[in-house]
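Asker: Pasting my_file_31.txt below, which is compact mmCIF, C-alpha atoms and all ligand atoms.
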```txt
# COMPACT_ATOMS: atom_id res chain seq x y z
CA MET A 1 63.05 49.92 -183.73
CA ASN A 2 62.55 47.37 -186.50
CA ILE A 3 61.02 47.91 -189.97
CA GLN A 4 57.47 46.90 -189.06
CA GLU A 5 57.34 48.84 -185.78
CA THR A 6 58.73 51.94 -187.45
CA SER A 7 56.33 51.65 -190.41
CA VAL A 8 53.29 51.37 -188.15
CA LYS A 9 54.39 54.36 -186.05
CA ILE A 10 54.89 56.46 -189.20
CA GLU A 11 51.50 55.37 -190.57
CA ASP A 12 49.64 56.19 -187.38
CA MET A 13 51.62 59.46 -187.09
CA THR A 14 53.23 58.66 -183.75
CA ILE A 15 56.34 59.54 -185.75
CA ARG A 16 55.56 62.49 -188.04
CA GLY A 17 57.13 65.50 -189.75
CA ALA A 18 59.15 65.02 -192.92
CA GLY A 19 62.59 65.12 -191.34
CA ARG A 20 61.74 62.84 -188.45
CA ILE A 21 60.11 60.17 -190.58
CA ALA A 22 63.12 60.12 -192.91
CA ARG A 23 65.55 59.69 -190.00
CA HIS A 24 63.45 56.94 -188.42
CA ALA A 25 63.21 55.09 -191.74
CA SER A 26 66.98 55.29 -192.09
CA LEU A 27 67.44 54.04 -188.51
CA ALA A 28 65.04 51.14 -189.16
CA LEU A 29 67.17 50.08 -192.15
CA LYS A 30 70.25 50.32 -189.94
CA ASP A 31 68.49 48.13 -187.38
CA TYR A 32 67.71 45.60 -190.14
CA ALA A 33 71.37 45.56 -191.24
CA SER A 34 72.74 45.31 -187.71
CA SER A 35 70.40 42.55 -186.64
CA TYR A 36 70.49 40.39 -189.82
CA SER A 37 71.79 37.08 -188.54
CA GLY A 38 72.04 35.08 -191.78
CA ASN A 39 75.11 34.78 -193.98
CA ASP A 40 73.59 35.15 -197.44
CA LEU A 41 74.18 38.45 -199.29
CA GLU A 42 71.30 37.81 -201.73
CA GLU A 43 68.87 37.16 -198.91
CA PHE A 44 70.11 40.27 -197.06
CA LEU A 45 69.57 42.45 -200.15
CA GLN A 46 66.11 41.00 -200.86
CA GLY A 47 65.10 41.74 -197.30
CA LEU A 48 66.39 45.29 -197.70
CA ASP A 49 64.33 45.79 -200.87
CA LYS A 50 61.19 44.66 -199.08
CA ALA A 51 62.00 46.87 -196.10
CA ALA A 52 62.52 49.92 -198.33
CA VAL A 53 59.20 49.38 -200.13
CA ARG A 54 57.37 48.97 -196.82
CA LEU A 55 58.89 52.13 -195.31
CA ILE A 56 58.37 54.31 -198.39
CA SER A 57 54.70 53.29 -198.68
CA THR A 58 53.84 54.64 -195.21
CA ARG A 59 53.46 58.33 -196.13
CA PRO A 60 53.16 58.99 -199.87
CA THR A 61 53.74 62.76 -199.91
CA ALA A 62 57.03 63.23 -198.08
CA ILE A 63 59.87 62.80 -200.58
CA SER A 64 62.21 63.05 -197.59
CA LEU A 65 61.21 59.48 -196.81
CA PHE A 66 62.11 58.23 -200.30
CA ASN A 67 65.36 60.20 -200.32
CA GLY A 68 66.31 59.16 -196.78
CA VAL A 69 65.85 55.51 -197.73
CA GLN A 70 67.73 55.87 -201.05
CA LEU A 71 70.64 57.73 -199.43
CA THR A 72 70.85 54.99 -196.80
CA LEU A 73 70.88 52.26 -199.47
CA LYS A 74 73.30 54.08 -201.80
CA GLY A 75 75.94 51.70 -203.19
CA VAL A 76 74.90 48.82 -200.89
CA LYS A 77 73.70 46.58 -203.74
CA GLU A 78 77.06 46.96 -205.51
CA GLU A 79 78.96 45.38 -202.58
CA SER A 80 80.12 41.81 -203.15
CA GLU A 81 80.40 40.75 -199.48
CA LEU A 82 77.66 40.66 -196.85
CA GLU A 83 79.85 42.34 -194.22
CA SER A 84 80.88 45.24 -196.45
CA ALA A 85 77.24 45.74 -197.53
CA ARG A 86 76.18 45.82 -193.90
CA GLN A 87 78.94 48.27 -192.93
CA LEU A 88 78.21 50.59 -195.86
CA LEU A 89 74.53 50.74 -194.96
CA ILE A 90 75.34 51.56 -191.34
CA LYS A 91 77.77 54.28 -192.46
CA ASN A 92 75.19 55.75 -194.87
CA SER A 93 72.53 55.80 -192.18
CA ASP A 94 74.84 57.56 -189.70
CA ALA A 95 75.78 60.12 -192.37
CA PHE A 96 72.15 60.75 -193.33
CA CYS A 97 71.02 61.26 -189.72
CA GLU A 98 73.97 63.59 -189.09
CA LEU A 99 73.11 65.60 -192.23
CA SER A 100 69.46 65.81 -191.23
CA ASN A 101 70.12 66.81 -187.60
CA SER A 102 72.85 69.32 -188.40
CA ALA A 103 70.74 71.01 -191.10
CA TYR A 104 68.55 72.75 -188.49
CA GLY A 105 71.33 74.91 -187.07
CA LYS A 106 72.56 75.84 -190.54
CA MET A 107 69.08 76.83 -191.74
CA ALA A 108 68.50 78.81 -188.54
CA SER A 109 71.60 80.90 -189.18
CA TYR A 110 70.03 82.38 -192.34
CA GLY A 111 66.73 83.34 -190.68
CA PRO A 112 67.41 86.69 -188.98
CA ASP A 113 68.70 88.48 -192.09
CA LEU A 114 65.58 87.57 -194.06
CA VAL A 115 63.14 89.46 -191.83
CA PRO A 116 62.31 92.69 -193.73
CA GLU A 117 61.14 94.82 -190.79
CA THR A 118 61.43 94.46 -187.04
CA GLY A 119 58.65 94.93 -184.47
CA LYS A 120 56.23 92.46 -186.03
CA LYS A 121 55.52 88.73 -185.77
CA ALA A 122 56.22 85.69 -187.92
CA ILE A 123 53.49 83.27 -188.91
CA THR A 124 53.71 79.51 -189.38
CA ILE A 125 51.47 76.51 -189.97
CA CYS A 126 51.56 72.88 -188.83
CA ASN A 127 54.61 71.66 -186.93
CA SER A 128 57.93 71.85 -188.69
CA THR A 129 61.20 71.35 -186.84
CA ALA A 130 62.98 73.19 -189.64
CA ALA A 131 60.67 76.22 -189.49
CA ILE A 132 60.79 76.30 -185.69
CA SER A 133 64.61 76.36 -185.77
CA VAL A 134 64.55 79.37 -188.09
CA ILE A 135 61.83 81.13 -186.07
CA LYS A 136 63.75 80.70 -182.81
CA ALA A 137 66.86 82.25 -184.37
CA ALA A 138 64.87 85.20 -185.77
CA TYR A 139 63.37 85.84 -182.34
CA GLN A 140 66.67 85.51 -180.50
CA ALA A 141 68.20 88.03 -182.92
CA GLY A 142 65.42 90.50 -182.05
CA LYS A 143 63.97 90.45 -185.59
CA ILE A 144 60.46 89.27 -184.66
CA THR A 145 58.43 89.91 -181.52
CA GLY A 146 56.72 86.53 -181.56
CA VAL A 147 54.78 84.09 -183.70
CA TYR A 148 51.25 83.37 -184.85
CA ALA A 149 50.85 79.59 -185.07
CA CYS A 150 47.93 78.25 -187.10
CA GLU A 151 46.05 75.49 -185.34
CA THR A 152 46.25 73.29 -188.47
CA ARG A 153 43.09 71.31 -188.85
CA PRO A 154 42.28 68.48 -188.79
CA LYS A 155 45.02 67.02 -186.56
CA LYS A 156 46.00 70.29 -184.86
CA GLN A 157 49.76 69.92 -185.17
CA GLY A 158 49.83 73.67 -184.37
CA LEU A 159 49.42 72.66 -180.72
CA ILE A 160 52.81 70.94 -180.88
CA THR A 161 54.29 74.10 -182.38
CA VAL A 162 52.95 76.40 -179.67
CA ARG A 163 54.25 74.07 -176.97
CA GLU A 164 57.72 73.86 -178.53
CA LEU A 165 57.96 77.64 -179.05
CA ALA A 166 56.69 78.43 -175.55
CA GLU A 167 59.24 76.01 -174.09
CA ALA A 168 61.93 77.83 -176.05
CA GLY A 169 60.80 81.17 -174.62
CA VAL A 170 59.36 82.51 -177.89
CA PRO A 171 56.09 84.46 -177.42
CA VAL A 172 53.52 82.50 -179.41
CA THR A 173 49.83 83.02 -180.17
CA LEU A 174 47.61 80.17 -181.31
CA ILE A 175 45.04 81.08 -183.99
CA VAL A 176 42.49 79.06 -185.92
CA ASP A 177 43.53 78.62 -189.53
CA SER A 178 40.81 80.94 -190.80
CA ALA A 179 42.17 83.82 -188.66
CA MET A 180 45.38 83.99 -190.68
CA ARG A 181 44.10 86.82 -192.89
CA TYR A 182 42.88 88.82 -189.88
CA VAL A 183 46.30 88.79 -188.21
CA MET A 184 48.40 89.26 -191.35
CA PRO A 185 48.79 93.08 -190.95
CA GLN A 186 50.83 92.34 -187.80
CA VAL A 187 53.10 89.88 -189.57
CA SER A 188 56.43 90.62 -191.27
CA ILE A 189 57.41 87.13 -192.50
CA ALA A 190 56.04 83.59 -192.98
CA PHE A 191 58.27 80.60 -192.28
CA ILE A 192 56.77 77.30 -193.40
CA GLY A 193 58.02 73.71 -193.37
CA THR A 194 58.21 71.48 -196.41
CA ASP A 195 57.32 67.86 -197.03
CA SER A 196 58.54 67.85 -200.62
CA LEU A 197 59.98 70.37 -203.02
CA GLU A 198 59.05 69.69 -206.65
CA SER A 199 61.53 70.47 -209.41
CA ASP A 200 59.68 73.62 -210.57
CA GLY A 201 60.02 75.02 -207.05
CA SER A 202 56.50 74.16 -205.85
CA VAL A 203 56.43 73.56 -202.11
CA ILE A 204 54.32 70.71 -200.77
CA ASN A 205 53.37 71.22 -197.14
CA LYS A 206 50.41 70.77 -194.80
CA ILE A 207 46.95 71.62 -196.10
CA GLY A 208 46.30 75.33 -195.62
CA THR A 209 49.82 76.36 -196.61
CA GLN A 210 48.65 77.62 -199.99
CA ILE A 211 46.00 79.83 -198.34
CA LEU A 212 48.72 81.14 -196.04
CA ALA A 213 50.97 81.95 -199.00
CA VAL A 214 48.22 83.69 -201.00
CA THR A 215 47.23 85.74 -197.95
CA ALA A 216 50.86 86.68 -197.29
CA ARG A 217 51.24 87.83 -200.91
CA ASP A 218 48.17 90.07 -200.54
CA PHE A 219 49.86 91.80 -197.60
CA ASN A 220 53.36 91.91 -199.18
CA VAL A 221 54.64 89.49 -196.55
CA PRO A 222 57.54 87.29 -197.78
CA VAL A 223 57.12 83.52 -197.56
CA TYR A 224 60.16 81.34 -196.91
CA SER A 225 60.02 77.56 -196.97
CA CYS A 226 62.49 75.82 -194.69
CA THR A 227 63.67 72.86 -196.72
CA GLU A 228 66.64 70.57 -196.22
CA THR A 229 68.11 69.43 -199.56
CA TYR A 230 66.92 65.86 -198.97
CA LYS A 231 63.33 67.14 -199.33
CA PHE A 232 64.00 68.11 -202.96
CA LEU A 233 62.61 65.85 -205.68
CA PRO A 234 65.69 63.93 -206.89
CA PRO A 235 66.83 64.17 -210.54
CA SER A 236 65.36 60.68 -211.19
CA LYS A 237 61.90 62.10 -210.47
CA ALA A 238 62.38 65.53 -212.08
CA GLY A 239 59.15 66.96 -213.48
CA GLN A 240 56.93 64.56 -211.58
CA ARG A 241 54.24 65.71 -209.17
CA VAL A 242 54.17 64.40 -205.63
CA GLN A 243 51.11 62.40 -204.64
CA ILE A 244 48.92 64.29 -202.16
CA GLU A 245 48.04 62.03 -199.23
CA LEU A 246 44.35 61.46 -198.44
CA ARG A 247 43.74 60.45 -194.83
CA PRO A 248 40.84 58.82 -192.99
CA ILE A 249 37.71 60.94 -192.59
CA ASP A 250 37.55 60.27 -188.86
CA GLU A 251 40.37 62.81 -188.50
CA ILE A 252 37.64 65.38 -189.36
CA ILE A 253 34.44 63.89 -187.91
CA ALA A 254 33.42 60.73 -186.07
CA PRO A 255 31.54 58.53 -188.59
CA GLU A 256 28.49 58.30 -186.26
CA GLU A 257 28.18 62.12 -186.28
CA LEU A 258 28.10 62.28 -190.07
CA PRO A 259 24.61 62.97 -191.47
CA ASP A 260 23.41 60.44 -194.05
CA GLY A 261 24.33 61.29 -197.61
CA VAL A 262 27.34 63.46 -196.69
CA GLU A 263 30.80 62.75 -198.03
CA VAL A 264 34.00 63.87 -196.32
CA TYR A 265 37.24 64.60 -198.14
CA ASN A 266 40.53 64.85 -196.23
CA PRO A 267 43.51 65.81 -198.42
CA VAL A 268 46.24 66.66 -195.93
CA PHE A 269 48.85 68.40 -198.05
CA ASP A 270 48.86 71.44 -200.29
CA ARG A 271 50.90 72.55 -203.30
CA VAL A 272 52.21 76.11 -203.12
CA PRO A 273 53.26 77.31 -206.59
CA PRO A 274 56.76 78.80 -206.96
CA GLU A 275 55.47 82.32 -207.62
CA LEU A 276 54.14 82.45 -204.05
CA ILE A 277 57.49 81.45 -202.54
CA THR A 278 59.98 84.25 -201.84
CA GLY A 279 62.86 81.93 -201.04
CA ILE A 280 63.87 78.48 -199.86
CA ILE A 281 66.07 78.20 -196.79
CA THR A 282 68.27 75.11 -197.07
CA GLU A 283 71.28 73.96 -195.09
CA VAL A 284 73.47 75.08 -198.02
CA GLY A 285 72.04 78.58 -198.33
CA VAL A 286 68.91 80.50 -199.30
CA ILE A 287 67.85 79.90 -202.88
CA LYS A 288 65.11 80.94 -205.30
CA PRO A 289 62.50 78.42 -206.53
CA SER A 290 64.13 78.62 -210.00
CA GLN A 291 67.35 77.13 -208.55
CA VAL A 292 65.71 73.99 -207.19
CA SER A 293 66.64 71.72 -210.12
CA SER A 294 70.32 72.61 -210.06
CA ILE A 295 70.55 72.12 -206.27
CA SER A 296 68.78 68.79 -206.61
CA GLU A 297 71.29 67.68 -209.26
CA ARG A 298 74.18 68.74 -207.06
CA TYR A 299 73.05 67.10 -203.80
CA LEU A 300 70.84 64.18 -204.87
CA GLU A 301 72.80 62.88 -207.85
CA GLY A 302 72.30 59.17 -208.46
CA ILE A 303 69.15 58.61 -206.43
C1 LIG A 401 54.03 67.80 -191.19
C2 LIG A 401 54.29 68.99 -192.03
C3 LIG A 401 55.59 69.72 -191.77
C4 LIG A 401 56.67 69.15 -192.70
C5 LIG A 401 58.06 69.64 -192.33
O1 LIG A 401 52.91 67.07 -191.61
O2 LIG A 401 53.58 69.34 -192.94
O3 LIG A 401 55.48 71.08 -192.04
O4 LIG A 401 56.67 67.74 -192.59
O5 LIG A 401 58.39 69.19 -191.03
P1 LIG A 401 52.46 65.74 -190.80
P2 LIG A 401 59.92 69.08 -190.54
O6 LIG A 401 52.12 66.18 -189.41
O7 LIG A 401 51.26 65.24 -191.57
O8 LIG A 401 53.62 64.78 -190.83
O9 LIG A 401 60.51 70.44 -190.71
O10 LIG A 401 59.82 68.66 -189.10
O11 LIG A 401 60.61 68.07 -191.40
```
Take the structure from the file and write it as structure tokens.
Answerer:
Amino acid sequence: MNIQETSVKIEDMTIRGAGRIARHASLALKDYASSYSGNDLEEFLQGLDKAAVRLISTRPTAISLFNGVQLTLKGVKEESELESARQLLIKNSDAFCELSNSAYGKMASYGPDLVPETGKKAITICNSTAAISVIKAAYQAGKITGVYACETRPKKQGLITVRELAEAGVPVTLIVDSAMRYVMPQVSIAFIGTDSLESDGSVINKIGTQILAVTARDFNVPVYSCTETYKFLPPSKAGQRVQIELRPIDEIIAPEELPDGVEVYNPVFDRVPPELITGIITEVGVIKPSQVSSISERYLEGI
């Protein structure tokens, strides 16, 4: 898929989820490099710059998108020949997609040992491939009896989660977001996805995640974010806050149903402060929020 097609599909959320959008952006850059038919290195690099800006602008909150693009472009501008620039970009894209896809199995392997008591359920929100991988492993190891999946208003990505878990044979119960406190006594652990991990260890994920984390704390339920290292804020952005995406109001209500004089506000991501996060499951191990900066320096150096 080319840059424009990919960008539109990410914008309209046909392609969604932090990992998936990063991989598709990387693949779109690979498509650009493979299909460039000119013979001018400068022109090739200018086109790449424009493509990167277009892709990164599609979803402002997911740092995975920025990092996926930067890791795919790494070193390409330093090449002096068109062909070597093209080959390096293709190699980077293959390496990034391999890292992203292989991270799920590695994160999953840490899940079972984190569950503090058996015989209860896990809880999750939205639809995270990373969190689902960990949940499946915890269930298969006999550590949880099933999952409560929050519906996740307004776009109801929880419906994707319940389908994926049911297909995997994991007992799953759909709840409305506001039922999360009611069910929490039957929950032993929360596994959440991550769109971005800020350098102080704050987790940015779907709106409602902070309520989930506060509720879990009230019931002494540990909260683990499932976060590949390419979702960490890179050293070049250390200390910055991620922009929270505002989406169209028609995701909440059809404009014709809106009474006169009423405003609608649709922030779609939430910031969970580090003190509400028990641990961060990455493909290189389980870390504490206080270790985020050092991991970011180790794995995202130079971007
Ligand atoms: C998706 C969402 C997911 C994270 C992690 O939001 O918040 O929890 O992106 O997903 P949206 P993954 O539906 O708005 O993209 O683990 O698949 O990367």
Asker: Could you check which of A:Pro267, A:Gly146, A:Pro255, A:Pro289 is closest to ligand LIG 401 (chain A), using all atoms listed in the file?
Answerer: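 Under the stated criterion, the closest residue is A:Pro267.
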Asker: Considering only C-alpha atoms and all ligand atoms, can you say which of A:Thr194, A:Gln46, A:Ser34, A:Thr229 comes closest to ligand LIG 401 (chain A)?
Answerer: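 Checking each of A:Thr194, A:Gln46, A:Ser34, A:Thr229 against ligand LIG 401 (chain A), counting only C-alpha atoms and all ligand atoms, the winner is A:Thr194.
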Asker: Determine, counting all atoms listed in the file, which protein, DNA and RNA residues have an atom within 10 Å of an atom of Ser109 of chain A; residues of the same chain fewer than 6 positions away are not included. Present the result as a ChimeraX atom specification.
Answerer: /A:133-134,137-138,281,283,285
Asker: Within 10 Å of ligand LIG 401 (chain A), counting only C-alpha atoms and all ligand atoms: which residues, as a ChimeraX atom specification?
Answerer: /A:10-11,13-23,59,61-64,100,104,124-133,152,154-158,160,191-196,204-209,225-228,231,245,247,268-270
Asker: Quick one: residues within 9 Å of Tyr299 of chain A, only C-alpha atoms, excluding same-chain residues fewer than 4 positions away - as an NGL selection string?
Answerer: :A and (229-230 or 234 or 294-295)
Asker: Please, could you write that set of residues out with C-alpha atoms as a PDB file, keeping the file's coordinate frame?
Answerer:
```pdb
ATOM      1  CA  THR A 229      68.110  69.430-199.560  1.00  0.00           C
ATOM      2  CA  TYR A 230      66.920  65.860-198.970  1.00  0.00           C
ATOM      3  CA  PRO A 234      65.690  63.930-206.890  1.00  0.00           C
ATOM      4  CA  SER A 294      70.320  72.610-210.060  1.00  0.00           C
ATOM      5  CA  ILE A 295      70.550  72.120-206.270  1.00  0.00           C
TER       6      ILE A 295
END
```
Asker: Which residue is closest to Lys237 of chain A? Choose from A:Gly279, A:Pro222, A:Gly302, A:Pro273 and count only C-alpha atoms.
Answerer: A:Gly302
Asker: Give as a PyMOL selection string the set of residues within 10 Å of the point (71.8, 38.8, -199.3), where distances use the file's coordinates and all atoms listed in the file.
Answerer: chain A and resi 36+38-48+77+80-82+85-86
Asker: In Å, how far is it from atom CA of Ile249 of chain A to atom CA of Val262 of chain A?
Answerer: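 So the two atoms, atom CA of Ile249 of chain A and atom CA of Val262 of chain A, lie 11.4 Å apart.
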Asker: Give me the box for segment 15-22 of chain A as JSON, namely the centre and edge lengths in Å to one decimal of a box along x, y and z that holds every listed atom plus 5 Å on each side.
Answerer:
```
{"center_x": 59.3, "center_y": 62.5, "center_z": -189.3, "size_x": 17.6, "size_y": 16.0, "size_z": 17.2}
```
Asker: Find, counting all atoms listed in the file, the residue in A:Ala190, A:Ala33, A:Val115, A:Leu71 that gets nearest to Ile90 of chain A.
Answerer: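 Closest to Ile90 of chain A, using all atoms listed in the file: A:Ala33.
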Asker: Give me the residues within 9 Å of Leu114 of chain A as a PyMOL selection string, counting only C-alpha atoms and dropping any in the same chain fewer than 2 places off.
Answerer: chain A and resi 110-112+116+138+189+222+224
Asker: Go ahead and compute the interatomic distance for atom CA of Ile3 of chain A and atom CA of Gln243 of chain A, in Å to one decimal.
Answerer: 22.9 Å
Asker: Nearest residue to Ser236 of chain A out of A:Pro248, A:Thr215, A:Asn67, A:Lys106, using all atoms listed in the file?
Answerer: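 Among the listed residues, the smallest separation from Ser236 of chain A belongs to A:Asn67.
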Asker: Hey, can you check how far atom CA of Val76 of chain A sits from atom CA of Lys9 of chain A?
Answerer: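 Computed distance, atom CA of Val76 of chain A to atom CA of Lys9 of chain A, equals 25.9 Å.
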